[in-house]
$ cat final04.cif   # mmCIF, C-alpha atoms
data_my_file
loop_
_atom_site.label_atom_id
_atom_site.label_comp_id
_atom_site.auth_asym_id
_atom_site.auth_seq_id
_atom_site.Cartn_x
_atom_site.Cartn_y
_atom_site.Cartn_z
CA VAL E 1 12.86 25.36 -1.46
CA MET E 2 15.31 25.43 1.45
CA THR E 3 17.73 27.55 -0.56
CA TYR E 4 15.14 30.34 -0.83
CA CYS E 5 14.76 30.61 2.95
CA GLN E 6 16.96 32.81 5.10
CA ILE E 7 15.98 31.05 8.34
CA TRP E 8 15.04 27.43 9.10
CA SER E 9 13.24 25.98 12.05
CA PRO E 10 15.48 23.63 14.06
CA GLU E 11 13.46 20.64 12.79
CA ALA E 12 13.66 21.70 9.14
CA LYS E 13 17.41 22.15 9.51
CA LEU E 14 17.80 18.66 11.02
CA ILE E 15 15.47 17.03 8.47
CA GLY E 16 17.02 18.85 5.52
CA ALA E 17 13.67 19.57 3.88
CA VAL E 18 11.12 22.39 3.96
CA ASN E 19 7.42 22.10 3.09
CA CYS E 20 6.05 25.25 4.77
CA ILE E 21 7.31 28.82 4.55
CA SER E 22 6.39 31.76 6.73
CA LEU E 23 7.53 35.37 6.86
CA SER E 24 9.46 36.62 9.88
CA ALA E 25 8.76 40.01 11.46
CA SER E 26 11.90 41.31 9.71
CA GLY E 27 10.70 40.08 6.30
CA GLU E 28 12.87 36.97 6.02
CA LEU E 29 11.53 33.69 4.68
CA VAL E 30 11.41 31.03 7.39
CA GLY E 31 11.44 27.36 6.34
CA HIS E 32 9.57 24.78 8.39
CA ASN E 33 8.88 21.09 8.04
CA THR E 34 5.39 20.06 9.12
CA ASP E 35 5.47 16.58 7.53
CA TRP E 36 7.22 15.04 10.53
CA ILE E 37 4.48 16.34 12.84
CA GLY E 38 1.75 15.10 10.51
CA PHE E 39 3.35 11.68 10.24
CA THR E 40 3.94 11.35 13.99
CA GLN E 41 0.34 12.25 14.81
CA SER E 42 -1.07 10.04 12.06
CA ILE E 43 0.65 6.86 13.29
CA SER E 44 0.36 7.44 17.05
CA GLY E 45 -2.79 5.32 17.32
CA LEU E 46 -1.25 2.51 15.28
CA LEU E 47 1.71 2.24 17.63
CA GLN E 48 -0.22 2.16 20.90
CA GLY E 49 0.28 -1.14 22.68
CA LYS E 50 2.75 -2.39 20.05
CA THR E 51 6.47 -2.87 20.19
CA VAL E 52 8.00 -1.32 17.12
CA GLN E 53 11.77 -1.38 17.20
CA ARG E 54 12.66 -1.23 13.50
CA ALA E 55 11.10 0.47 10.50
CA LEU E 56 11.79 0.19 6.81
CA VAL E 57 11.29 3.38 4.81
CA LEU E 58 10.73 2.88 1.09
CA GLY E 59 12.11 5.86 -0.85
CA THR E 60 14.70 8.53 -0.19
CA GLY E 61 13.01 11.85 -1.06
CA GLY E 62 12.05 14.79 1.16
CA SER E 63 9.11 13.04 2.80
CA SER E 64 11.32 10.08 3.72
CA LYS E 65 13.57 12.48 5.61
CA ALA E 66 10.61 13.76 7.64
CA VAL E 67 9.47 10.19 8.35
CA HIS E 68 13.01 9.29 9.43
CA PHE E 69 13.13 12.27 11.81
CA SER E 70 9.74 11.33 13.26
CA LEU E 71 10.68 7.69 13.79
CA GLN E 72 14.00 8.62 15.39
CA ARG E 73 12.14 10.83 17.87
CA LEU E 74 9.91 7.84 18.66
CA GLY E 75 13.00 5.72 19.34
CA ILE E 76 12.54 3.50 16.29
CA GLU E 77 15.58 2.35 14.31
CA VAL E 78 15.21 3.19 10.60
CA SER E 79 16.55 1.52 7.45
CA PHE E 80 15.99 2.79 3.92
CA ALA E 81 15.32 0.90 0.71
CA SER E 82 14.77 2.09 -2.82
CA GLU E 83 14.83 0.67 -6.30
CA SER E 84 18.59 0.95 -6.58
CA LYS E 85 20.30 2.61 -3.63
CA GLN E 86 20.61 3.26 0.09
CA GLU E 87 21.00 0.47 2.64
CA TRP E 88 19.06 -2.03 0.57
CA SER E 89 17.66 -2.14 -2.89
CA TYR E 90 14.19 -3.70 -3.05
CA SER E 91 15.68 -6.90 -4.47
CA LYS E 92 17.88 -7.33 -1.38
CA LEU E 93 14.83 -7.36 0.93
CA VAL E 94 13.97 -11.00 0.15
CA GLY E 95 14.13 -12.92 3.41
CA LYS E 96 14.58 -9.73 5.44
CA MET E 97 11.06 -8.29 5.94
CA SER E 98 10.64 -10.00 9.33
CA GLN E 99 13.30 -7.63 10.70
CA PHE E 100 10.88 -4.71 10.44
CA GLN E 101 7.60 -4.18 12.28
CA LEU E 102 6.76 -0.99 10.38
CA VAL E 103 7.06 -0.38 6.62
CA VAL E 104 6.51 3.18 5.35
CA GLN E 105 6.05 3.84 1.63
CA THR E 106 7.22 7.39 0.82
CA THR E 107 7.62 7.20 -2.98
CA PRO E 108 5.05 8.46 -5.52
CA LEU E 109 4.56 4.87 -6.77
CA GLY E 110 0.84 4.11 -6.87
CA MET E 111 -0.36 7.71 -6.80
CA PHE E 112 -3.22 8.66 -9.10
CA PRO E 113 -3.22 8.31 -12.09
CA GLU E 114 -0.47 5.63 -12.01
CA THR E 115 -2.41 3.42 -9.59
CA ASN E 116 -1.05 0.08 -10.84
CA ALA E 117 2.47 0.73 -9.53
CA CYS E 118 4.04 -0.14 -6.20
CA PRO E 119 7.50 -0.78 -4.80
CA SER E 120 8.72 -4.26 -5.75
CA ILE E 121 9.26 -5.60 -2.25
CA PRO E 122 8.55 -9.20 -1.12
CA TYR E 123 4.93 -8.71 -0.03
CA SER E 124 4.56 -12.44 0.70
CA GLU E 125 6.85 -11.93 3.72
CA LEU E 126 4.46 -9.44 5.34
CA HIS E 127 2.05 -10.72 8.00
CA GLU E 128 -0.40 -9.62 10.70
CA GLY E 129 2.49 -8.33 12.83
CA HIS E 130 3.42 -5.70 10.26
CA ILE E 131 2.14 -2.13 10.11
CA CYS E 132 2.28 -0.70 6.57
CA VAL E 133 1.79 3.00 5.96
CA ASP E 134 1.64 4.71 2.58
CA LEU E 135 1.97 8.49 2.50
CA ILE E 136 -0.22 8.53 -0.62
CA TYR E 137 -3.92 9.28 -0.05
CA ASN E 138 -5.18 9.26 -3.67
CA PRO E 139 -6.21 6.57 -4.27
CA GLU E 140 -7.42 5.82 -0.77
CA GLN E 141 -5.92 2.34 -0.96
CA THR E 142 -2.81 2.05 -3.11
CA LEU E 143 -1.57 -1.20 -4.59
CA PHE E 144 1.10 -1.21 -1.84
CA LEU E 145 -1.63 -1.13 0.82
CA LYS E 146 -3.75 -3.73 -0.99
CA GLU E 147 -0.81 -6.14 -1.20
CA ALA E 148 0.04 -5.59 2.47
CA ALA E 149 -3.59 -6.11 3.52
CA LYS E 150 -3.70 -9.42 1.61
CA GLN E 151 -0.96 -10.66 3.95
CA GLY E 152 -2.85 -9.53 7.08
CA ALA E 153 -0.80 -6.41 7.81
CA THR E 154 -2.37 -3.38 9.46
CA ILE E 155 -2.56 -0.62 6.83
CA LYS E 156 -2.95 3.16 6.79
CA ASN E 157 -2.88 5.74 4.02
CA GLY E 158 -1.51 9.30 4.15
CA LEU E 159 -4.75 11.27 4.51
CA ASP E 160 -4.38 11.84 8.25
CA MET E 161 -0.76 12.88 7.76
CA LEU E 162 -1.92 15.43 5.17
CA LYS E 163 -4.53 16.82 7.56
CA TYR E 164 -2.19 17.04 10.56
CA GLN E 165 0.65 18.68 8.63
CA ALA E 166 -1.84 21.16 7.12
CA GLU E 167 -3.11 22.04 10.60
CA GLU E 168 0.47 22.64 11.75
CA SER E 169 1.14 24.81 8.68
CA TRP E 170 -1.99 26.82 9.45
CA ARG E 171 -0.81 27.29 13.05
CA ILE E 172 2.61 28.48 11.83
CA TRP E 173 1.11 30.93 9.33
CA ASN E 174 -1.27 32.37 11.91
CA SER E 175 1.53 32.70 14.48
CA ALA E 176 3.70 34.43 11.87
CA ASN E 177 0.87 36.81 10.96
CA GLU E 178 0.37 37.72 14.63
CA ALA E 179 4.10 38.49 14.89
CA LEU E 180 3.86 40.84 11.92
CA ILE E 181 1.02 42.89 13.41
#
$ encode --input "final04.cif" --output "structure tokens"
Amino acid sequence: VMTYCQIWSPEAKLIGAVNCISLSASGELVGHNTDWIGFTQSISGLLQGKTVQRALVLGTGGSSKAVHFSLQRLGIEVSFASESKQEWSYSKLVGKMSQFQLVVQTTPLGMFPETNACPSIPYSELHEGHICVDLIYNPEQTLFLKEAAKQGATIKNGLDMLKYQAEESWRIWNSANEALI
């Protein structure tokens, strides 16, 4: 939807994705990205007291861009993997999962009603030192999270991210409405 906006927030411009639109006082559509805020707030408790230097982001869509932006702001180095492109395809991750302390699943794999799907990464290489986050919240525990939990990883779904980004959207819309009055 970025192409429909006349103005972009600095964050939306840097991320390259818009998920919230407001109306400026002059009637122009303003594009914002609230996903990065939702993601940052949702993982803040998971990162406390832990050293996370590298993250692996599974997927390359709009939400992966917001996650990347968030992690960069937190000083975490980011690599991307997908089924067939980017830095690594899933098949090239064998023997490499120990390089990452945080794994973030941003694809729709595992979302209701296709709950028996998950990225084909080497789950057996995950352990209690890993933090695995899935942006999906329905089902509450995706196959990705179940497989990660079996290996002892700390897991989190995307429900808090959804709530925090929605709160930020609400704040933006209310601020925009006040500017119009």
$ resolve_selection --input "final04.cif" --expression "the PyMOL selection byres ((chain E and resi 70) around 12)" --output "VMD selection string"
chain E and resid 11 to 12 14 to 15 33 to 44 55 57 63 to 69 71 to 78 104 161
$ write_last_selection --input "final04.cif" --atoms "C-alpha atoms" --output "PDB file, in the frame of the given file"
ATOM      1  CA  GLU E  11      13.460  20.640  12.790  1.00  0.00           C
ATOM      2  CA  ALA E  12      13.660  21.700   9.140  1.00  0.00           C
ATOM      3  CA  LEU E  14      17.800  18.660  11.020  1.00  0.00           C
ATOM      4  CA  ILE E  15      15.470  17.030   8.470  1.00  0.00           C
ATOM      5  CA  ASN E  33       8.880  21.090   8.040  1.00  0.00           C
ATOM      6  CA  THR E  34       5.390  20.060   9.120  1.00  0.00           C
ATOM      7  CA  ASP E  35       5.470  16.580   7.530  1.00  0.00           C
ATOM      8  CA  TRP E  36       7.220  15.040  10.530  1.00  0.00           C
ATOM      9  CA  ILE E  37       4.480  16.340  12.840  1.00  0.00           C
ATOM     10  CA  GLY E  38       1.750  15.100  10.510  1.00  0.00           C
ATOM     11  CA  PHE E  39       3.350  11.680  10.240  1.00  0.00           C
ATOM     12  CA  THR E  40       3.940  11.350  13.990  1.00  0.00           C
ATOM     13  CA  GLN E  41       0.340  12.250  14.810  1.00  0.00           C
ATOM     14  CA  SER E  42      -1.070  10.040  12.060  1.00  0.00           C
ATOM     15  CA  ILE E  43       0.650   6.860  13.290  1.00  0.00           C
ATOM     16  CA  SER E  44       0.360   7.440  17.050  1.00  0.00           C
ATOM     17  CA  ALA E  55      11.100   0.470  10.500  1.00  0.00           C
ATOM     18  CA  VAL E  57      11.290   3.380   4.810  1.00  0.00           C
ATOM     19  CA  SER E  63       9.110  13.040   2.800  1.00  0.00           C
ATOM     20  CA  SER E  64      11.320  10.080   3.720  1.00  0.00           C
ATOM     21  CA  LYS E  65      13.570  12.480   5.610  1.00  0.00           C
ATOM     22  CA  ALA E  66      10.610  13.760   7.640  1.00  0.00           C
ATOM     23  CA  VAL E  67       9.470  10.190   8.350  1.00  0.00           C
ATOM     24  CA  HIS E  68      13.010   9.290   9.430  1.00  0.00           C
ATOM     25  CA  PHE E  69      13.130  12.270  11.810  1.00  0.00           C
ATOM     26  CA  LEU E  71      10.680   7.690  13.790  1.00  0.00           C
ATOM     27  CA  GLN E  72      14.000   8.620  15.390  1.00  0.00           C
ATOM     28  CA  ARG E  73      12.140  10.830  17.870  1.00  0.00           C
ATOM     29  CA  LEU E  74       9.910   7.840  18.660  1.00  0.00           C
ATOM     30  CA  GLY E  75      13.000   5.720  19.340  1.00  0.00           C
ATOM     31  CA  ILE E  76      12.540   3.500  16.290  1.00  0.00           C
ATOM     32  CA  GLU E  77      15.580   2.350  14.310  1.00  0.00           C
ATOM     33  CA  VAL E  78      15.210   3.190  10.600  1.00  0.00           C
ATOM     34  CA  VAL E 104       6.510   3.180   5.350  1.00  0.00           C
ATOM     35  CA  MET E 161      -0.760  12.880   7.760  1.00  0.00           C
TER      36      MET E 161
END
$ resolve_selection --input "final04.cif" --expression "the PyMOL selection byres ((chain E and resi 145-157) around 9)" --output "NGL selection string"
:E and (42-43 or 46 or 123-144 or 158-161)
$ atom_distance --input "final04.cif" --atom1 "atom CA of E:Leu56" --atom2 "atom CA of E:Ile121"
11.0 Å
$ resolve_selection --input "final04.cif" --expression "the PyMOL selection byres ((chain E and resi 4) around 10)" --output "PyMOL selection string"
chain E and resi 1-3+5-7+21+28-31
$ atom_distance --input "final04.cif" --atom1 "atom CA of E:Gln105" --atom2 "atom CA of E:Lys92"
16.5 Å
$ closest_residue --input "final04.cif" --among "E:Trp8, E:Phe80, E:Tyr164, E:Trp173" --to "E:Val103" --atoms "all atoms listed in the file"
E:Phe80
$ closest_atom_pairs --input "final04.cif" --of "stretch 80-168 of chain E" --to "stretch 47-52 of chain E" --cutoff "9 Å" --atoms "only C-alpha atoms" --output "JSON lines"
{"residue": "E:Phe100", "atom": "CA", "partner": "E:Val52", "partner_atom": "CA", "distance": 8.0}
{"residue": "E:Gln101", "atom": "CA", "partner": "E:Val52", "partner_atom": "CA", "distance": 5.6}
{"residue": "E:Leu102", "atom": "CA", "partner": "E:Val52", "partner_atom": "CA", "distance": 6.9}
{"residue": "E:Ile131", "atom": "CA", "partner": "E:Leu47", "partner_atom": "CA", "distance": 8.7}
$ closest_residue --input "final04.cif" --among "E:Pro108, E:Gly45, E:Pro122, E:Pro10" --to "E:Thr60" --atoms "all atoms listed in the file"
E:Pro108
$ atom_distance --input "final04.cif" --atom1 "atom CA of E:Thr106" --atom2 "atom CA of E:Leu23"
28.6 Å
$ axis_aligned_box --input "final04.cif" --around "stretch 28-46 of chain E" --padding-each-side "8 Å" --output "JSON"
{"center_x": 5.0, "center_y": 19.7, "center_z": 11.0, "size_x": 31.7, "size_y": 50.5, "size_z": 28.6}
